[in-house]
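Participant: Just final20.cif, nothing more (mmCIF, C-alpha atoms):
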```
data_start
#
loop_
_atom_site.group_PDB
_atom_site.id
_atom_site.type_symbol
_atom_site.label_atom_id
_atom_site.label_comp_id
_atom_site.auth_asym_id
_atom_site.auth_seq_id
_atom_site.Cartn_x
_atom_site.Cartn_y
_atom_site.Cartn_z
ATOM 1 C CA MET A 3 -16.016 34.447 -9.156
ATOM 2 C CA ARG A 4 -16.221 30.719 -9.735
ATOM 3 C CA ALA A 5 -14.036 28.542 -7.519
ATOM 4 C CA GLU A 6 -13.008 26.512 -10.583
ATOM 5 C CA GLU A 7 -11.521 29.603 -12.200
ATOM 6 C CA LEU A 8 -9.509 30.299 -9.067
ATOM 7 C CA LYS A 9 -8.217 26.729 -8.986
ATOM 8 C CA GLY A 10 -6.793 27.224 -12.467
ATOM 9 C CA HIS A 11 -4.458 29.803 -10.948
ATOM 10 C CA LEU A 12 -3.600 27.824 -7.832
ATOM 11 C CA ASP A 13 0.120 27.464 -8.582
ATOM 12 C CA ALA A 14 0.559 31.210 -9.095
ATOM 13 C CA MET A 15 -1.403 31.952 -5.922
ATOM 14 C CA LEU A 16 0.720 29.505 -3.944
ATOM 15 C CA LEU A 17 3.874 31.187 -5.212
ATOM 16 C CA ALA A 18 2.428 34.598 -4.306
ATOM 17 C CA ALA A 19 1.549 33.342 -0.815
ATOM 18 C CA LEU A 20 5.231 32.560 -0.268
ATOM 19 C CA GLU A 21 6.512 35.827 -1.673
ATOM 20 C CA GLY A 22 6.579 37.523 1.731
ATOM 21 C CA GLY A 23 8.793 34.838 3.271
ATOM 22 C CA PRO A 24 8.762 31.177 4.306
ATOM 23 C CA ARG A 25 5.441 29.684 5.387
ATOM 24 C CA HIS A 26 4.259 26.241 6.419
ATOM 25 C CA GLY A 27 1.358 24.558 4.664
ATOM 26 C CA TYR A 28 -1.349 25.710 7.023
ATOM 27 C CA ALA A 29 -0.096 29.317 6.887
ATOM 28 C CA VAL A 30 -0.233 29.116 3.085
ATOM 29 C CA ILE A 31 -3.826 27.887 3.330
ATOM 30 C CA GLU A 32 -4.678 30.759 5.685
ATOM 31 C CA ALA A 33 -3.040 33.254 3.307
ATOM 32 C CA LEU A 34 -5.080 31.885 0.395
ATOM 33 C CA ARG A 35 -8.238 31.948 2.470
ATOM 34 C CA ALA A 36 -7.628 35.575 3.431
ATOM 35 C CA GLY A 37 -6.455 36.591 -0.023
ATOM 36 C CA THR A 38 -9.466 35.129 -1.813
ATOM 37 C CA GLY A 39 -11.993 36.177 0.804
ATOM 38 C CA GLY A 40 -12.814 32.499 1.349
ATOM 39 C CA ARG A 41 -13.739 31.974 -2.320
ATOM 40 C CA LEU A 42 -11.108 29.298 -2.932
ATOM 41 C CA ASP A 43 -13.416 26.428 -2.102
ATOM 42 C CA LEU A 44 -11.199 23.370 -2.370
ATOM 43 C CA PRO A 45 -10.257 20.638 0.114
ATOM 44 C CA THR A 46 -7.394 22.245 2.003
ATOM 45 C CA GLY A 47 -5.541 18.930 2.206
ATOM 46 C CA THR A 48 -4.912 19.185 -1.538
ATOM 47 C CA ILE A 49 -2.696 22.233 -0.946
ATOM 48 C CA TYR A 50 0.029 19.977 0.479
ATOM 49 C CA PRO A 51 0.531 17.861 -2.668
ATOM 50 C CA ALA A 52 0.387 21.070 -4.723
ATOM 51 C CA LEU A 53 3.224 22.475 -2.618
ATOM 52 C CA ARG A 54 5.211 19.264 -3.125
ATOM 53 C CA ARG A 55 4.616 19.503 -6.866
ATOM 54 C CA LEU A 56 5.963 23.074 -6.925
ATOM 55 C CA GLU A 57 8.909 21.938 -4.834
ATOM 56 C CA ASN A 58 9.639 19.158 -7.282
ATOM 57 C CA ALA A 59 9.539 21.723 -10.099
ATOM 58 C CA GLY A 60 12.205 23.724 -8.254
ATOM 59 C CA LEU A 61 9.950 26.739 -7.740
ATOM 60 C CA ILE A 62 9.851 26.425 -3.956
ATOM 61 C CA ALA A 63 12.105 24.704 -1.423
ATOM 62 C CA GLY A 64 10.926 22.899 1.690
ATOM 63 C CA SER A 65 12.684 22.316 4.991
ATOM 64 C CA TRP A 66 11.660 20.807 8.306
ATOM 65 C CA SER A 67 11.538 22.557 11.677
ATOM 66 C CA VAL A 68 10.310 21.326 15.020
ATOM 67 C CA VAL A 69 7.675 23.549 16.609
ATOM 68 C CA THR A 70 6.302 22.663 20.054
ATOM 69 C CA GLY A 71 7.414 19.068 19.606
ATOM 70 C CA ARG A 72 5.780 18.657 16.206
ATOM 71 C CA ARG A 73 7.610 18.498 12.875
ATOM 72 C CA ARG A 74 6.580 21.321 10.603
ATOM 73 C CA ARG A 75 7.562 21.796 6.970
ATOM 74 C CA TYR A 76 8.261 25.322 5.788
ATOM 75 C CA TYR A 77 8.402 26.422 2.177
ATOM 76 C CA ARG A 78 10.172 29.355 0.599
ATOM 77 C CA LEU A 79 10.364 30.703 -2.924
ATOM 78 C CA THR A 80 13.481 29.782 -4.884
ATOM 79 C CA PRO A 81 14.999 32.215 -7.413
ATOM 80 C CA ALA A 82 13.305 30.136 -10.136
ATOM 81 C CA GLY A 83 10.022 30.506 -8.250
ATOM 82 C CA GLN A 84 10.471 34.266 -8.041
ATOM 83 C CA ARG A 85 11.038 34.410 -11.786
ATOM 84 C CA ALA A 86 8.035 32.151 -12.397
ATOM 85 C CA LEU A 87 5.856 34.349 -10.176
ATOM 86 C CA ALA A 88 6.986 37.489 -11.989
ATOM 87 C CA GLY A 89 6.165 35.800 -15.298
ATOM 88 C CA ARG A 90 2.736 34.652 -14.110
ATOM 89 C CA ARG A 91 2.015 38.151 -12.833
ATOM 90 C CA ALA A 92 2.952 39.763 -16.142
ATOM 91 C CA ASP A 93 0.864 37.191 -18.045
ATOM 92 C CA TRP A 94 -2.092 37.787 -15.752
ATOM 93 C CA ARG A 95 -1.914 41.583 -16.081
ATOM 94 C CA ASP A 96 -1.783 41.257 -19.862
ATOM 95 C CA PHE A 97 -4.647 38.753 -19.888
ATOM 96 C CA ALA A 98 -6.794 40.826 -17.515
ATOM 97 C CA ALA A 99 -6.145 44.059 -19.440
ATOM 98 C CA THR A 100 -7.012 42.388 -22.747
ATOM 99 C CA VAL A 101 -10.240 40.800 -21.507
ATOM 100 C CA SER A 102 -11.219 44.008 -19.712
ATOM 101 C CA ALA A 103 -10.672 45.974 -22.898
ATOM 102 C CA VAL A 104 -13.107 43.704 -24.731
ATOM 103 C CA LEU A 105 -15.695 43.308 -21.988
ATOM 104 C CA GLU A 106 -15.698 46.903 -20.813
ATOM 105 C CA GLY A 107 -14.825 48.686 -24.037
ATOM 106 C CA GLY A 108 -11.601 50.241 -22.804
ATOM 107 C CA PRO A 109 -8.354 50.661 -24.730
ATOM 108 C CA CYS A 110 -6.583 47.446 -25.598
ATOM 109 C CA PRO A 111 -3.032 47.250 -24.247
ATOM 110 C CA ASP A 112 -0.168 47.215 -26.748
ATOM 111 C CA PRO A 113 1.114 43.692 -27.359
ATOM 112 C CA ALA A 114 4.386 43.072 -25.504
ATOM 113 C CA MET B 28 -10.906 12.245 23.218
ATOM 114 C CA PRO B 29 -13.272 11.427 20.355
ATOM 115 C CA GLY B 30 -12.330 14.585 18.458
ATOM 116 C CA PRO B 31 -8.608 13.865 18.118
ATOM 117 C CA GLY B 32 -9.531 10.190 17.712
ATOM 118 C CA LEU B 33 -11.348 11.037 14.509
ATOM 119 C CA ILE B 34 -8.252 12.865 13.279
ATOM 120 C CA ALA B 35 -6.033 9.919 14.231
ATOM 121 C CA GLY B 36 -8.329 7.615 12.256
ATOM 122 C CA TYR B 37 -8.136 9.962 9.283
ATOM 123 C CA LEU B 38 -4.327 9.937 9.418
ATOM 124 C CA ASP B 39 -4.322 6.146 9.852
ATOM 125 C CA ALA B 40 -6.300 5.844 6.636
ATOM 126 C CA LEU B 41 -3.575 7.839 4.863
ATOM 127 C CA SER B 42 -0.565 6.282 6.556
ATOM 128 C CA GLY B 43 -0.897 3.067 4.569
ATOM 129 C CA GLN B 44 -0.715 5.006 1.325
ATOM 130 C CA LEU B 45 1.757 7.821 1.963
ATOM 131 C CA PRO B 46 5.248 8.045 3.512
ATOM 132 C CA ARG B 47 5.764 9.103 7.106
ATOM 133 C CA GLN B 48 7.170 12.542 6.195
ATOM 134 C CA VAL B 49 4.007 13.387 4.288
ATOM 135 C CA ILE B 50 1.844 12.104 7.137
ATOM 136 C CA ASP B 51 3.807 14.295 9.569
ATOM 137 C CA GLU B 52 3.103 17.360 7.456
ATOM 138 C CA LEU B 53 -0.578 16.524 7.045
ATOM 139 C CA ALA B 54 -0.871 15.810 10.775
ATOM 140 C CA ASP B 55 0.531 19.242 11.560
ATOM 141 C CA GLY B 56 -1.852 20.968 9.155
ATOM 142 C CA LEU B 57 -4.824 18.962 10.366
ATOM 143 C CA ASP B 58 -3.976 19.757 13.971
ATOM 144 C CA GLN B 59 -3.833 23.475 13.206
ATOM 145 C CA THR B 60 -7.135 23.271 11.352
ATOM 146 C CA TYR B 61 -8.658 21.438 14.321
ATOM 147 C CA ARG B 62 -7.367 24.094 16.732
ATOM 148 C CA ARG B 63 -8.764 26.824 14.525
ATOM 149 C CA TYR B 64 -12.235 25.325 14.799
ATOM 150 C CA LEU B 65 -11.797 24.873 18.547
ATOM 151 C CA GLY B 66 -10.905 28.566 18.694
ATOM 152 C CA LEU B 67 -14.137 29.364 16.862
ATOM 153 C CA GLY B 68 -16.022 27.774 19.748
ATOM 154 C CA LEU B 69 -16.782 24.306 18.360
ATOM 155 C CA SER B 70 -16.735 21.259 20.629
ATOM 156 C CA PRO B 71 -13.809 18.821 20.174
ATOM 157 C CA ASP B 72 -16.037 16.413 18.221
ATOM 158 C CA ALA B 73 -17.451 19.124 15.983
ATOM 159 C CA ALA B 74 -14.007 20.711 15.514
ATOM 160 C CA ALA B 75 -12.510 17.372 14.473
ATOM 161 C CA GLU B 76 -15.379 16.707 12.073
ATOM 162 C CA ALA B 77 -15.055 20.175 10.564
ATOM 163 C CA ALA B 78 -11.265 19.854 10.226
ATOM 164 C CA VAL B 79 -11.492 16.460 8.523
ATOM 165 C CA ALA B 80 -14.273 17.669 6.222
ATOM 166 C CA GLU B 81 -12.275 20.760 5.288
ATOM 167 C CA PHE B 82 -9.174 18.701 4.518
ATOM 168 C CA GLY B 83 -10.953 16.421 2.030
ATOM 169 C CA ALA B 84 -11.392 12.670 1.684
ATOM 170 C CA PRO B 85 -8.231 10.618 2.382
ATOM 171 C CA GLU B 86 -8.530 8.966 -1.046
ATOM 172 C CA LEU B 87 -8.537 12.393 -2.698
ATOM 173 C CA ILE B 88 -5.460 13.571 -0.795
ATOM 174 C CA ALA B 89 -3.581 10.327 -1.492
ATOM 175 C CA ALA B 90 -4.438 10.561 -5.197
ATOM 176 C CA GLU B 91 -3.241 14.185 -5.344
ATOM 177 C CA PHE B 92 0.081 13.151 -3.825
ATOM 178 C CA GLY B 93 0.261 10.366 -6.392
ATOM 179 C CA ARG B 94 -0.258 12.937 -9.159
ATOM 180 C CA ALA B 95 2.439 15.167 -7.652
ATOM 181 C CA HIS B 96 5.005 12.345 -7.453
ATOM 182 C CA PRO B 97 8.055 13.094 -9.637
ATOM 183 C CA ALA B 98 7.930 9.509 -10.935
ATOM 184 C CA ARG B 99 4.696 10.392 -12.721
ATOM 185 C CA ARG B 100 6.365 13.201 -14.644
ATOM 186 C CA ALA B 101 9.377 10.977 -15.300
ATOM 187 C CA GLY B 102 7.112 8.293 -16.743
ATOM 188 C CA ARG B 103 5.368 10.754 -19.025
ATOM 189 C CA THR B 104 8.621 12.351 -20.145
ATOM 190 C CA LEU B 105 10.330 9.059 -20.986
ATOM 191 C CA LEU B 106 7.232 7.697 -22.710
ATOM 192 C CA GLY B 107 7.020 10.934 -24.701
ATOM 193 C CA ILE B 108 10.577 10.793 -26.058
ATOM 194 C CA GLY B 109 10.637 7.002 -26.351
ATOM 195 C CA PRO B 110 9.360 6.829 -29.951
ATOM 196 C CA ALA B 111 12.055 9.245 -31.156
ATOM 197 C CA VAL B 112 14.857 7.223 -29.543
ATOM 198 C CA GLY B 113 13.234 4.014 -30.783
ATOM 199 C CA ALA B 114 13.099 5.392 -34.332
ATOM 200 C CA CYS B 115 16.821 6.226 -34.151
ATOM 201 C CA TRP B 116 17.592 2.662 -33.096
ATOM 202 C CA ALA B 117 15.306 1.187 -35.743
ATOM 203 C CA ALA B 118 17.124 3.181 -38.417
ATOM 204 C CA ALA B 119 20.511 2.173 -36.997
ATOM 205 C CA LEU B 120 19.661 -1.522 -36.807
ATOM 206 C CA ILE B 121 18.149 -1.605 -40.298
ATOM 207 C CA THR B 122 20.942 0.329 -42.014
ATOM 208 C CA GLY B 123 23.539 -1.674 -40.087
ATOM 209 C CA ARG B 124 21.858 -4.934 -41.141
ATOM 210 C CA ALA B 125 21.749 -5.977 -37.511
ATOM 211 C CA TRP B 126 20.379 -9.416 -38.405
ATOM 212 C CA THR B 127 23.774 -10.268 -39.909
ATOM 213 C CA TRP B 128 25.731 -9.386 -36.743
ATOM 214 C CA PRO B 129 27.458 -12.308 -35.017
ATOM 215 C CA ALA B 130 25.449 -11.798 -31.848
ATOM 216 C CA PRO B 131 23.577 -14.497 -29.910
ATOM 217 C CA ALA B 132 19.782 -14.548 -30.201
ATOM 218 C CA ALA B 133 19.513 -13.440 -26.578
ATOM 219 C CA ALA B 134 21.119 -10.137 -27.559
ATOM 220 C CA ALA B 135 18.030 -9.427 -29.646
ATOM 221 C CA ILE B 136 15.376 -10.902 -27.358
ATOM 222 C CA VAL B 137 16.509 -9.605 -23.972
ATOM 223 C CA PRO B 138 16.556 -5.897 -24.938
ATOM 224 C CA GLY B 139 13.132 -6.268 -26.551
ATOM 225 C CA VAL B 140 11.599 -7.880 -23.470
ATOM 226 C CA ALA B 141 13.349 -5.370 -21.204
ATOM 227 C CA LEU B 142 11.991 -2.511 -23.310
ATOM 228 C CA LEU B 143 8.421 -3.818 -23.095
ATOM 229 C CA ALA B 144 8.727 -4.255 -19.325
ATOM 230 C CA ALA B 145 10.186 -0.760 -18.861
ATOM 231 C CA VAL B 146 7.474 0.807 -21.012
ATOM 232 C CA ALA B 147 4.782 -1.010 -19.020
ATOM 233 C CA LEU B 148 6.290 0.254 -15.736
ATOM 234 C CA LEU B 149 6.554 3.817 -17.060
ATOM 235 C CA ALA B 150 2.927 3.630 -18.213
ATOM 236 C CA ILE B 151 1.866 2.619 -14.695
ATOM 237 C CA ALA B 152 3.886 5.519 -13.249
ATOM 238 C CA ALA B 153 2.396 7.940 -15.765
ATOM 239 C CA CYS B 154 -1.222 6.900 -15.280
ATOM 240 C CA SER B 155 -1.619 5.639 -11.724
ATOM 241 C CA THR B 156 -2.596 7.893 -8.840
ATOM 242 C CA ARG B 157 -1.526 5.411 -6.163
ATOM 243 C CA TYR B 158 1.470 7.053 -4.572
ATOM 244 C CA ARG B 159 3.496 3.937 -3.874
ATOM 245 C CA SER B 160 2.683 2.341 -7.248
ATOM 246 C CA VAL B 161 3.696 5.526 -9.051
ATOM 247 C CA GLY B 162 6.965 5.703 -7.137
ATOM 248 C CA ARG B 163 7.951 2.066 -7.484
ATOM 249 C CA ALA B 164 6.904 1.711 -11.122
ATOM 250 C CA GLY B 165 8.563 5.017 -12.056
ATOM 251 C CA LEU B 166 11.783 4.082 -10.275
ATOM 252 C CA ALA B 167 11.936 0.645 -11.863
ATOM 253 C CA GLY B 168 10.915 2.001 -15.287
ATOM 254 C CA CYS B 169 13.576 4.736 -15.244
ATOM 255 C CA LEU B 170 16.262 2.315 -14.106
ATOM 256 C CA GLY B 171 15.150 -0.155 -16.778
ATOM 257 C CA ILE B 172 15.339 2.428 -19.560
ATOM 258 C CA ALA B 173 18.736 3.622 -18.318
ATOM 259 C CA ALA B 174 20.055 0.049 -18.216
ATOM 260 C CA LEU B 175 18.633 -0.592 -21.672
ATOM 261 C CA ASP B 176 20.284 2.514 -23.133
ATOM 262 C CA ALA B 177 23.629 1.626 -21.586
ATOM 263 C CA SER B 178 23.323 -1.990 -22.787
ATOM 264 C CA MET B 179 22.410 -0.984 -26.342
ATOM 265 C CA ILE B 180 25.424 1.293 -26.580
ATOM 266 C CA ILE B 181 27.714 -1.494 -25.337
ATOM 267 C CA ILE B 182 26.122 -4.139 -27.587
ATOM 268 C CA VAL B 183 26.499 -2.017 -30.722
ATOM 269 C CA ILE B 184 30.105 -1.124 -29.971
ATOM 270 C CA ALA B 185 30.889 -4.803 -29.381
ATOM 271 C CA ALA B 186 28.918 -6.167 -32.346
ATOM 272 C CA ASP B 187 29.623 -3.572 -35.007
ATOM 273 C CA PRO B 188 33.026 -1.917 -34.646
ATOM 274 C CA ALA B 189 32.526 -0.055 -37.940
ATOM 275 C CA ILE B 190 29.839 2.154 -36.473
ATOM 276 C CA GLY B 191 27.790 3.973 -39.096
ATOM 277 C CA ARG B 192 26.167 7.374 -38.862
ATOM 278 C CA ALA B 193 22.774 5.952 -37.983
ATOM 279 C CA ALA B 194 24.246 3.910 -35.139
ATOM 280 C CA LEU B 195 26.141 6.955 -33.895
ATOM 281 C CA ALA B 196 22.924 8.972 -33.915
ATOM 282 C CA ALA B 197 21.105 6.202 -32.039
ATOM 283 C CA MET B 198 23.875 5.953 -29.464
ATOM 284 C CA ALA B 199 23.836 9.728 -29.045
ATOM 285 C CA ALA B 200 20.061 9.587 -28.516
ATOM 286 C CA SER B 201 20.457 6.843 -25.920
ATOM 287 C CA ALA B 202 23.290 8.711 -24.187
ATOM 288 C CA ALA B 203 21.111 11.831 -24.012
ATOM 289 C CA ARG B 204 18.234 9.790 -22.598
ATOM 290 C CA LEU B 205 20.616 8.204 -20.117
ATOM 291 C CA GLY B 206 21.478 11.678 -18.820
ATOM 292 C CA LEU B 207 17.818 12.627 -18.702
ATOM 293 C CA SER B 208 16.959 9.432 -16.814
ATOM 294 C CA ALA B 209 19.648 10.218 -14.256
ATOM 295 C CA ARG B 210 18.149 13.702 -13.732
ATOM 296 C CA LEU B 211 14.629 12.302 -13.454
ATOM 297 C CA LEU B 212 15.746 9.610 -11.011
ATOM 298 C CA ARG B 213 17.210 12.056 -8.490
ATOM 299 C CA PRO B 214 13.888 13.436 -7.169
ATOM 300 C CA ILE B 215 12.298 9.974 -7.377
ATOM 301 C CA PHE B 216 15.008 8.602 -5.089
ATOM 302 C CA ALA B 217 14.508 11.563 -2.745
ATOM 303 C CA TRP B 218 10.737 11.026 -2.576
ATOM 304 C CA SER B 219 11.058 7.254 -2.293
ATOM 305 C CA SER B 220 13.615 7.443 0.495
ATOM 306 C CA GLY B 221 11.496 10.018 2.316
ATOM 307 C CA SER B 222 14.355 12.511 2.465
ATOM 308 C CA CYS B 223 12.118 15.402 1.399
#
```
What would the structure in this file look like if it were written as structure tokens?
Facilitator:
Amino acid sequence: MRAEELKGHLDAMLLAALEGGPRHGYAVIEALRAGTGGRLDLPTGTIYPALRRLENAGLIAGSWSVVTGRRRRYYRLTPAGQRALAGRRADWRDFAATVSAVLEGGPCPDPA
Amino acid sequence: MPGPGLIAGYLDALSGQLPRQVIDELADGLDQTYRRYLGLGLSPDAAAEAAVAEFGAPELIAAEFGRAHPARRAGRTLLGIGPAVGACWAAALITGRAWTWPAPAAAAIVPGVALLAAVALLAIAACSTRYRSVGRAGLAGCLGIAALDASMIIIVIAADPAIGRAALAAMAASAARLGLSARLLRPIFAWSSGSC
């Protein structure tokens, strides 16, 4: 899979990375790295502004903690973020099923 | 410690462009990345180089934060709805024969100049990727548009007591934009004051 295609879904993947509970930026990066098998080839520093953008949109909420003397910012999904993630997931399933039906000749899903 | 020194230099390059809270967060992430490479068996120098390379160029990170700044969205939003509000006011001023109002010339010139200045500031906020420029221009542009809307409402009420439908519609449009500006300003203040 092309890295560019993955980047187009970065916001949804960031929301999914926070679905299991609060994480700090580096833990989100690690979750994306593990979840994509290392295919998400983007400068990891760009994850932090993306998290701030999602926070500004009200989809995640950030808060500071102090861990071993260093300030660390944790993010968690907001209810709006949970709804957005559910919506993105439904859209993706519909999109994937439709494209698969065309590319692989399977049955096309009924339109929602 | 040349390894951590490289990381400190990297953060120094960003600290002139981004607020301290953002630098703190990046420093934490960079430190964890550095430790990960140390754990993989790299020397301190190599681990620092790998961590910095993985993070991306400071200019890229600063520009991404500039793009994420709420002032950028505020600038685009206000520029997007500006023509509609402007059209309402144009209709109100024309149908109300504003040129016959007993208002001083400054009442016509000052709002026009203020509007041009606010639009220019919002355009900077909407297009720039320099974090501080985006924040300052967006803040000033939003405040300028809010002040302009409030002033226009007051000027029309004072100059034309027999307010027509067009003027009412224009004032309603400005009042709505005033509320929107207030909502857009809240996160800009939070980002500018470093409280998030």
Participant: For stretch 34-43 of chain A, find every residue with an atom within 12 Å (counting all atoms listed in the file), except residues of its own chain fewer than 6 positions away, and show them as a list in words.
Facilitator: Met3, Arg4, Ala5, Glu6, Glu7, Leu8, Lys9, Gly10, His11, Leu12, Asp13, Ala14, Met15, Leu16, Leu17, Ala18, Ala19, Leu20, Arg25, Gly27, Tyr28 and Ile49 of chain A; Glu81, Phe82 and Gly83 of chain B
Participant: Check every residue of chain B for an atom within 10 Å of chain A, counting all atoms listed in the file, and provide those that qualify as a ChimeraX atom specification.
Facilitator: /B:48-49,51-60,78-85,87-97,214-215,218,223
Participant: Do you know which residues the PyMOL selection byres ((chain B and resi 197-213) around 7) returns on this file, as a list in words?
Facilitator: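 Output from the PyMOL selection byres ((chain B and resi 197-213) around 7), applied to this file: Ala101, Val112, Cys115, Trp116, Ala119, Leu166, Cys169, Ala173, Asp176, Ile180, Ala193, Ala194, Leu195, Ala196, Pro214, Ile215, Phe216 and Ala217 of chain B.
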Participant: Quick one: apply the PyMOL selection byres ((chain B and resi 152) around 7) to the file and drop the selected residues here as a VMD selection string.
Facilitator: chain B and resid 98 to 99 102 148 to 151 153 to 155 160 to 162 164 to 165
Participant: May I ask for the distance between atom CA of A:Gln84 and atom CA of A:Glu21, given in Å to one decimal place?
Facilitator: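 Separating atom CA of A:Gln84 from atom CA of A:Glu21 is a distance of 7.7 Å.
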